[in-house]
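To be precise, the following lines are run_39.txt, and they hold compact mmCIF, C-alpha atoms and all ligand atoms.
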```txt
# COMPACT_ATOMS: atom_id res chain seq x y z
CA MET Q 14 81.12 114.00 123.12
CA ARG Q 15 78.59 113.61 120.31
CA LYS Q 16 79.98 113.15 116.84
CA LYS Q 17 79.55 115.84 114.21
CA ILE Q 18 78.34 114.30 110.96
CA VAL Q 19 78.00 115.58 107.43
CA ALA Q 20 76.14 113.07 105.27
CA GLY Q 21 75.45 113.38 101.55
CA ASN Q 22 72.32 111.77 100.16
CA TRP Q 23 72.89 111.26 96.45
CA LYS Q 24 69.38 109.92 95.85
CA MET Q 25 68.70 108.42 92.39
CA ASN Q 26 71.44 110.43 90.74
CA ILE Q 27 74.70 109.55 88.99
CA ASN Q 28 75.87 106.32 87.38
CA VAL Q 29 78.91 104.27 88.32
CA ASN Q 30 81.41 106.38 86.36
CA GLU Q 31 79.99 109.57 87.81
CA THR Q 32 80.16 107.95 91.25
CA ARG Q 33 83.90 107.35 90.79
CA THR Q 34 84.39 110.94 89.62
CA LEU Q 35 82.38 112.41 92.49
CA ILE Q 36 84.23 110.41 95.13
CA ALA Q 37 87.58 111.43 93.64
CA GLY Q 38 86.42 115.05 93.57
CA ILE Q 39 85.36 115.03 97.22
CA HIS Q 40 88.61 113.32 98.23
CA GLN Q 41 90.58 116.00 96.49
CA GLU Q 42 88.61 118.79 98.15
CA ILE Q 43 88.81 117.42 101.70
CA GLU Q 44 92.19 115.67 101.80
CA ALA Q 45 93.88 118.56 103.57
CA PHE Q 46 91.11 118.96 106.17
CA GLN Q 47 92.00 118.19 109.78
CA LEU Q 48 88.67 116.80 110.87
CA GLN Q 49 88.23 116.11 114.54
CA ASN Q 50 85.28 114.27 116.02
CA THR Q 51 83.64 114.55 112.59
CA ARG Q 52 82.24 111.88 110.33
CA VAL Q 53 81.73 112.28 106.59
CA VAL Q 54 79.16 109.95 105.05
CA ILE Q 55 78.12 109.52 101.43
CA SER Q 56 75.04 107.67 100.31
CA PRO Q 57 75.04 106.41 96.72
CA SER Q 58 72.29 104.29 95.20
CA HIS Q 59 72.37 100.57 95.98
CA ILE Q 60 73.92 99.65 92.67
CA ASN Q 61 76.94 101.89 93.33
CA LEU Q 62 77.51 100.93 96.97
CA SER Q 63 80.23 98.36 96.29
CA THR Q 64 82.13 100.77 94.07
CA ALA Q 65 81.87 103.49 96.70
CA LEU Q 66 82.97 101.12 99.46
CA ALA Q 67 86.03 100.06 97.46
CA LEU Q 68 86.98 103.66 96.70
CA THR Q 69 86.66 104.84 100.30
CA LYS Q 70 88.53 102.01 102.03
CA GLU Q 71 91.46 104.22 103.01
CA SER Q 72 89.41 107.35 103.43
CA ILE Q 73 87.57 109.22 106.16
CA MET Q 74 84.43 108.84 104.06
CA GLU Q 75 81.88 106.28 105.16
CA VAL Q 76 79.21 104.79 102.96
CA ALA Q 77 75.52 104.54 103.81
CA ALA Q 78 72.66 102.95 101.90
CA GLN Q 79 69.58 105.04 101.18
CA ASN Q 80 66.98 102.44 102.06
CA MET Q 81 66.36 98.73 102.55
CA HIS Q 82 63.49 96.30 103.06
CA GLN Q 83 62.42 95.35 106.55
CA ALA Q 84 62.05 91.60 105.91
CA LYS Q 85 64.95 89.19 106.46
CA ASN Q 86 64.55 87.73 102.96
CA GLY Q 87 61.83 86.35 100.71
CA ALA Q 88 59.61 87.11 97.77
CA PHE Q 89 60.08 90.88 97.57
CA THR Q 90 61.18 91.36 93.97
CA GLY Q 91 63.47 94.32 93.49
CA GLU Q 92 64.18 94.83 97.18
CA VAL Q 93 67.41 94.69 99.19
CA SER Q 94 67.74 93.29 102.72
CA ALA Q 95 69.77 94.41 105.71
CA ASP Q 96 71.86 91.25 105.48
CA MET Q 97 72.72 91.98 101.84
CA LEU Q 98 73.89 95.47 102.74
CA GLN Q 99 75.81 94.34 105.79
CA SER Q 100 77.49 91.54 103.84
CA ILE Q 101 79.09 93.96 101.36
CA GLY Q 102 80.41 96.19 104.14
CA VAL Q 103 77.71 98.85 104.50
CA GLN Q 104 77.62 100.19 108.05
CA SER Q 105 74.79 102.72 107.93
CA VAL Q 106 71.38 102.92 106.30
CA ILE Q 107 69.19 105.98 105.86
CA ILE Q 108 65.68 105.11 106.99
CA GLY Q 109 62.50 107.13 106.62
CA HIS Q 110 63.61 109.82 104.20
CA SER Q 111 60.58 111.97 103.36
CA GLU Q 112 60.73 110.78 99.74
CA ARG Q 113 60.34 107.20 100.98
CA ARG Q 114 57.48 108.26 103.24
CA GLU Q 115 55.74 110.22 100.49
CA TYR Q 116 56.34 108.33 97.24
CA PHE Q 117 56.66 104.81 98.61
CA LYS Q 118 54.08 105.15 101.37
CA GLU Q 119 56.43 104.05 104.13
CA THR Q 120 54.49 104.39 107.35
CA ASP Q 121 55.84 104.87 110.85
CA ALA Q 122 55.10 101.18 111.51
CA ILE Q 123 57.13 100.03 108.49
CA LEU Q 124 59.96 102.38 109.45
CA ALA Q 125 60.02 101.00 112.99
CA GLU Q 126 60.50 97.53 111.50
CA LYS Q 127 63.23 98.80 109.19
CA VAL Q 128 65.09 100.41 112.08
CA SER Q 129 64.99 97.12 114.00
CA ALA Q 130 66.26 95.19 110.98
CA VAL Q 131 69.16 97.63 110.56
CA LEU Q 132 70.18 97.27 114.20
CA GLU Q 133 69.73 93.50 114.27
CA ASN Q 134 72.24 93.33 111.43
CA GLY Q 135 74.81 95.37 113.32
CA MET Q 136 74.45 98.54 111.29
CA GLU Q 137 73.54 102.12 112.17
CA ALA Q 138 70.24 103.73 111.21
CA ILE Q 139 70.16 107.36 110.09
CA PHE Q 140 66.52 107.99 110.90
CA CYS Q 141 64.86 110.88 109.03
CA PHE Q 142 61.71 112.65 110.05
CA GLY Q 143 60.14 116.07 109.79
CA GLU Q 144 56.90 117.92 109.31
CA LEU Q 145 55.08 118.94 106.12
CA LEU Q 146 54.49 122.59 105.32
CA GLU Q 147 50.82 122.24 106.28
CA ASP Q 148 51.86 120.90 109.71
CA ARG Q 149 54.05 123.93 110.30
CA LYS Q 150 51.40 126.34 109.03
CA SER Q 151 48.81 124.83 111.32
CA GLY Q 152 51.19 124.91 114.28
CA ASN Q 153 51.26 121.10 114.53
CA HIS Q 154 54.97 120.70 113.71
CA PHE Q 155 56.12 119.81 117.23
CA LYS Q 156 53.33 117.28 117.65
CA VAL Q 157 54.03 115.65 114.27
CA VAL Q 158 57.78 115.40 114.82
CA LYS Q 159 57.32 114.00 118.30
CA SER Q 160 54.93 111.34 117.05
CA GLN Q 161 57.26 110.33 114.19
CA LEU Q 162 60.03 109.92 116.74
CA GLN Q 163 57.87 107.92 119.12
CA ASN Q 164 56.32 105.69 116.45
CA GLY Q 165 59.56 105.04 114.60
CA LEU Q 166 62.01 104.60 117.46
CA PHE Q 167 60.46 104.26 120.88
CA HIS Q 168 60.27 100.48 120.64
CA LEU Q 169 64.07 100.55 121.04
CA GLU Q 170 66.03 100.20 124.27
CA SER Q 171 68.38 102.93 125.41
CA LYS Q 172 71.44 100.85 124.48
CA ASP Q 173 70.26 100.78 120.86
CA PHE Q 174 70.76 104.51 120.50
CA LYS Q 175 74.50 104.14 120.09
CA ASN Q 176 73.60 103.00 116.58
CA ILE Q 177 71.04 105.68 115.84
CA VAL Q 178 71.63 109.02 114.15
CA LEU Q 179 68.67 111.36 113.80
CA ALA Q 180 68.05 113.66 110.85
CA TYR Q 181 65.39 116.30 111.32
CA GLU Q 182 64.30 117.29 107.84
CA PRO Q 183 61.33 119.64 107.51
CA VAL Q 184 59.79 118.42 104.26
CA TRP Q 185 59.07 121.96 103.07
CA ALA Q 186 62.83 122.65 103.08
CA ILE Q 187 63.98 119.55 101.15
CA GLY Q 188 65.12 120.33 97.64
CA THR Q 189 63.15 123.58 97.68
CA GLY Q 190 65.90 126.08 98.37
CA GLU Q 191 63.95 127.05 101.50
CA THR Q 192 65.75 126.44 104.76
CA ALA Q 193 64.50 126.36 108.29
CA SER Q 194 66.07 129.30 110.08
CA PRO Q 195 68.88 128.33 112.46
CA GLU Q 196 66.48 129.22 115.28
CA GLN Q 197 63.75 126.94 113.92
CA ALA Q 198 66.26 124.12 113.56
CA GLN Q 199 67.62 124.64 117.07
CA GLU Q 200 64.13 124.80 118.56
CA MET Q 201 63.15 121.48 116.97
CA HIS Q 202 66.44 119.76 117.78
CA ALA Q 203 66.11 120.81 121.41
CA LEU Q 204 62.59 119.40 121.51
CA ILE Q 205 63.82 116.12 120.00
CA ARG Q 206 66.56 115.87 122.63
CA LYS Q 207 64.11 116.66 125.42
CA THR Q 208 61.72 114.00 124.13
CA LEU Q 209 64.56 111.45 124.18
CA ALA Q 210 65.53 112.46 127.71
CA GLU Q 211 61.94 112.05 128.91
CA LYS Q 212 61.52 108.63 127.33
CA TYR Q 213 65.02 107.28 128.05
CA ASN Q 214 67.47 109.41 130.00
CA GLN Q 215 69.69 112.48 129.64
CA GLU Q 216 72.69 110.38 128.66
CA VAL Q 217 70.88 108.96 125.63
CA ALA Q 218 69.57 112.41 124.71
CA ASP Q 219 73.02 113.97 124.98
CA SER Q 220 74.81 111.25 123.05
CA VAL Q 221 72.65 111.06 119.92
CA SER Q 222 73.77 113.15 116.95
CA ILE Q 223 70.89 115.12 115.45
CA LEU Q 224 71.47 116.32 111.90
CA TYR Q 225 69.51 119.03 110.14
CA GLY Q 226 68.47 118.49 106.53
CA GLY Q 227 66.79 120.82 104.10
CA SER Q 228 68.64 122.94 101.54
CA VAL Q 229 71.89 123.18 103.49
CA LYS Q 230 74.38 125.00 101.25
CA PRO Q 231 77.86 126.50 101.75
CA ALA Q 232 76.17 129.89 102.30
CA ASN Q 233 74.01 128.81 105.24
CA ALA Q 234 75.89 125.84 106.74
CA ASN Q 235 77.95 127.87 109.21
CA GLU Q 236 74.98 129.51 110.81
CA ILE Q 237 72.91 126.32 111.04
CA PHE Q 238 75.82 124.27 112.41
CA SER Q 239 76.56 126.94 115.02
CA LYS Q 240 73.42 125.97 116.93
CA GLU Q 241 73.97 123.98 120.10
CA ASP Q 242 71.78 121.00 119.27
CA VAL Q 243 72.60 120.78 115.57
CA ASP Q 244 75.30 118.14 115.16
CA GLY Q 245 75.65 118.28 111.41
CA GLY Q 246 73.64 117.95 108.25
CA LEU Q 247 72.04 115.57 105.81
CA ILE Q 248 72.75 117.16 102.49
CA GLY Q 249 70.96 116.47 99.21
CA GLY Q 250 71.67 118.65 96.18
CA ALA Q 251 74.88 120.24 97.47
CA SER Q 252 76.43 116.82 98.18
CA LEU Q 253 76.67 116.17 94.43
CA LYS Q 254 79.10 119.07 94.02
CA PRO Q 255 82.52 118.35 95.52
CA ALA Q 256 83.36 121.99 96.28
CA ASP Q 257 80.00 122.65 97.90
CA PHE Q 258 80.03 119.43 99.91
CA ALA Q 259 83.56 120.19 101.07
CA ALA Q 260 82.60 123.74 102.05
CA ILE Q 261 79.74 122.34 104.13
CA ILE Q 262 82.11 119.86 105.81
CA LYS Q 263 84.47 122.72 106.54
CA ALA Q 264 81.64 124.60 108.21
CA ILE Q 265 81.04 121.86 110.76
C1 LIG Q 301 67.64 115.55 101.53
O1 LIG Q 301 67.27 115.02 100.50
O2 LIG Q 301 67.77 114.89 102.57
C2 LIG Q 301 67.95 116.97 101.49
C3 LIG Q 301 68.15 117.60 102.62
O3 LIG Q 301 68.01 117.56 100.24
P1 LIG Q 301 68.46 119.07 99.92
O4 LIG Q 301 69.73 119.33 100.67
O5 LIG Q 301 68.65 119.09 98.44
O6 LIG Q 301 67.34 119.94 100.38
```

Using structure tokens, write down the structure from this file.
Amino acid sequence: MRKKIVAGNWKMNINVNETRTLIAGIHQEIEAFQLQNTRVVISPSHINLSTALALTKESIMEVAAQNMHQAKNGAFTGEVSADMLQSIGVQSVIIGHSERREYFKETDAILAEKVSAVLENGMEAIFCFGELLEDRKSGNHFKVVKSQLQNGLFHLESKDFKNIVLAYEPVWAIGTGETASPEQAQEMHALIRKTLAEKYNQEVADSVSILYGGSVKPANANEIFSKEDVDGGLIGGASLKPADFAAIIKAI
């Protein structure tokens, strides 16, 4: 059975003290939850990863990095490698978030290399992709999403998908307060699964968790998560508020 996953992307927010407070707050909110077949992931900035890892040792919460460089090592001032992340105990890395694609010009080709580097270092990649508003308006959204999937991941073998989580995030819904309707999310998730089945096989397609991201809040989480092919959410803004993040976890 595919895992349900609620992952919080904290982006470039909160310092180390605030990180401690937020983790304590989430712990307090979710400690009584009986979560079955569900993973809870938080993703602090690189500088706060070690703190977060130490504070979640005994907890259901897992810690993911938000990004990393694709090269093994070398003259890439300011960057962090897969080996560095793995060596401090990070098990998952978010790759291809739309902010990385847009502001840091990360192309499909770069992201494909990053995914490989994550897997080669024994970690899991949470691979994000999704169409721009203009793609949806022009009716190209299925084509765009399919090509992001193919270009970013289809160099992998089927066995690699046990360490892949997908996050469909329509860019027009990220941080905007606009959400894809549950039907739009389901339609795209079903297409993603079908595309995986065609390229690999039904087993791969059925086993990969596909998260929806884009203004998921306590008020809409239930409805979005009720859809058959939606296996959870990648949560931005609401993951910085313990009560909201907990309410979204409860909705899974
Ligand atoms: C995100 O950044 O991945 C995201 C989904 O943000 P928000 O929930 O704030 O739209």

**Message:** So the first atom is CA of Pro255 (chain Q) and the second is CA of Val243 (chain Q); what is the distance between them in Å, to one decimal place?
**Reply:**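 These two atoms are separated by 22.5 Å.
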
**Message:** Which residues are near Phe238 (chain Q)? Cut-off 12 Å, only C-alpha atoms, ignore same chain within fewer than 4 positions. Put them as a VMD selection string.
**Reply:** chain Q and resid 17 to 19 194 to 196 198 to 199 202 223 to 226 229 to 234 242 to 247 261 to 265

**Request:** Go through the chains and note each residue within 7 Å of ligand LIG 301 (chain Q), using all atoms listed in the file, then give the set as a ChimeraX atom specification.
**Result:** /Q:22,110,182,186-190,226-229,247-251

**Message:** Please report the interatomic distance between CA of Asp173 (chain Q) and CA of Val76 (chain Q) in Å with one decimal.
**Reply:**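 CA of Val76 (chain Q) lies 20.4 Å from CA of Asp173 (chain Q).
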
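Environment of (77.5, 111.7, 90.1): residues at most 10 Å away, judged by all atoms listed in the file, are Trp23, Met25, Asn26, Ile27, Asn28, Val29, Asn30, Glu31, Thr32, Arg33, Thr34, Leu35, Ile36, Pro57, Ser252, Leu253, Lys254 and Pro255 of chain Q.
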
Could you name the residues that touch Ala122 (chain Q) at 12 Å or less, counting only C-alpha atoms, but leaving out those on the same chain fewer than 2 positions away, as a PDB file with C-alpha atoms, keeping the file's coordinate frame?
```pdb
ATOM      1  CA  GLN Q  83      62.420  95.350 106.550  1.00  0.00           C
ATOM      2  CA  GLY Q 109      62.500 107.130 106.620  1.00  0.00           C
ATOM      3  CA  ARG Q 114      57.480 108.260 103.240  1.00  0.00           C
ATOM      4  CA  LYS Q 118      54.080 105.150 101.370  1.00  0.00           C
ATOM      5  CA  GLU Q 119      56.430 104.050 104.130  1.00  0.00           C
ATOM      6  CA  THR Q 120      54.490 104.390 107.350  1.00  0.00           C
ATOM      7  CA  LEU Q 124      59.960 102.380 109.450  1.00  0.00           C
ATOM      8  CA  ALA Q 125      60.020 101.000 112.990  1.00  0.00           C
ATOM      9  CA  GLU Q 126      60.500  97.530 111.500  1.00  0.00           C
ATOM     10  CA  LYS Q 127      63.230  98.800 109.190  1.00  0.00           C
ATOM     11  CA  VAL Q 128      65.090 100.410 112.080  1.00  0.00           C
ATOM     12  CA  SER Q 129      64.990  97.120 114.000  1.00  0.00           C
ATOM     13  CA  SER Q 160      54.930 111.340 117.050  1.00  0.00           C
ATOM     14  CA  GLN Q 161      57.260 110.330 114.190  1.00  0.00           C
ATOM     15  CA  LEU Q 162      60.030 109.920 116.740  1.00  0.00           C
ATOM     16  CA  GLN Q 163      57.870 107.920 119.120  1.00  0.00           C
ATOM     17  CA  ASN Q 164      56.320 105.690 116.450  1.00  0.00           C
ATOM     18  CA  GLY Q 165      59.560 105.040 114.600  1.00  0.00           C
ATOM     19  CA  LEU Q 166      62.010 104.600 117.460  1.00  0.00           C
ATOM     20  CA  PHE Q 167      60.460 104.260 120.880  1.00  0.00           C
ATOM     21  CA  HIS Q 168      60.270 100.480 120.640  1.00  0.00           C
TER      22      HIS Q 168
END
```

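The gap separating CA of Ser171 (chain Q) from CA of Leu98 (chain Q) is 24.5 Å, in Å to one decimal.
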
**Request:** Find the residues around Ala138 (chain Q) up to 10 Å (all atoms listed in the file counted), leave out those fewer than 4 positions away in its own chain, and share them as an NGL selection string.
**Result:** :Q and (77-78 or 80 or 104-109 or 127-132 or 174-179)

**Request:** For His154 (chain Q), please output as a count of residues only all residues within 9 Å (counting all atoms listed in the file; exclusion window: fewer than 4 positions along the same chain).
**Result:** 12

**Message:** Considering only C-alpha atoms, can you say which of Q:Ser58, Q:Gln49, Q:Thr192, Q:Asn134 comes closest to Gly102 (chain Q)?
**Reply:**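 Counting only C-alpha atoms, the residue closest to Gly102 (chain Q) is Q:Asn134.
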
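Considering the residues Q:Ala37, Q:Leu169, Q:Ala193, Q:Met81 and counting all atoms listed in the file, Leu209 (chain Q) has its shortest atom-to-atom contact with Q:Leu169.
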
**Prompt:** Which one of Q:Glu75, Q:His82, Q:Lys24, Q:Phe258 sits closest to Ile123 (chain Q) if you count all atoms listed in the file?
**Reply:** Q:His82
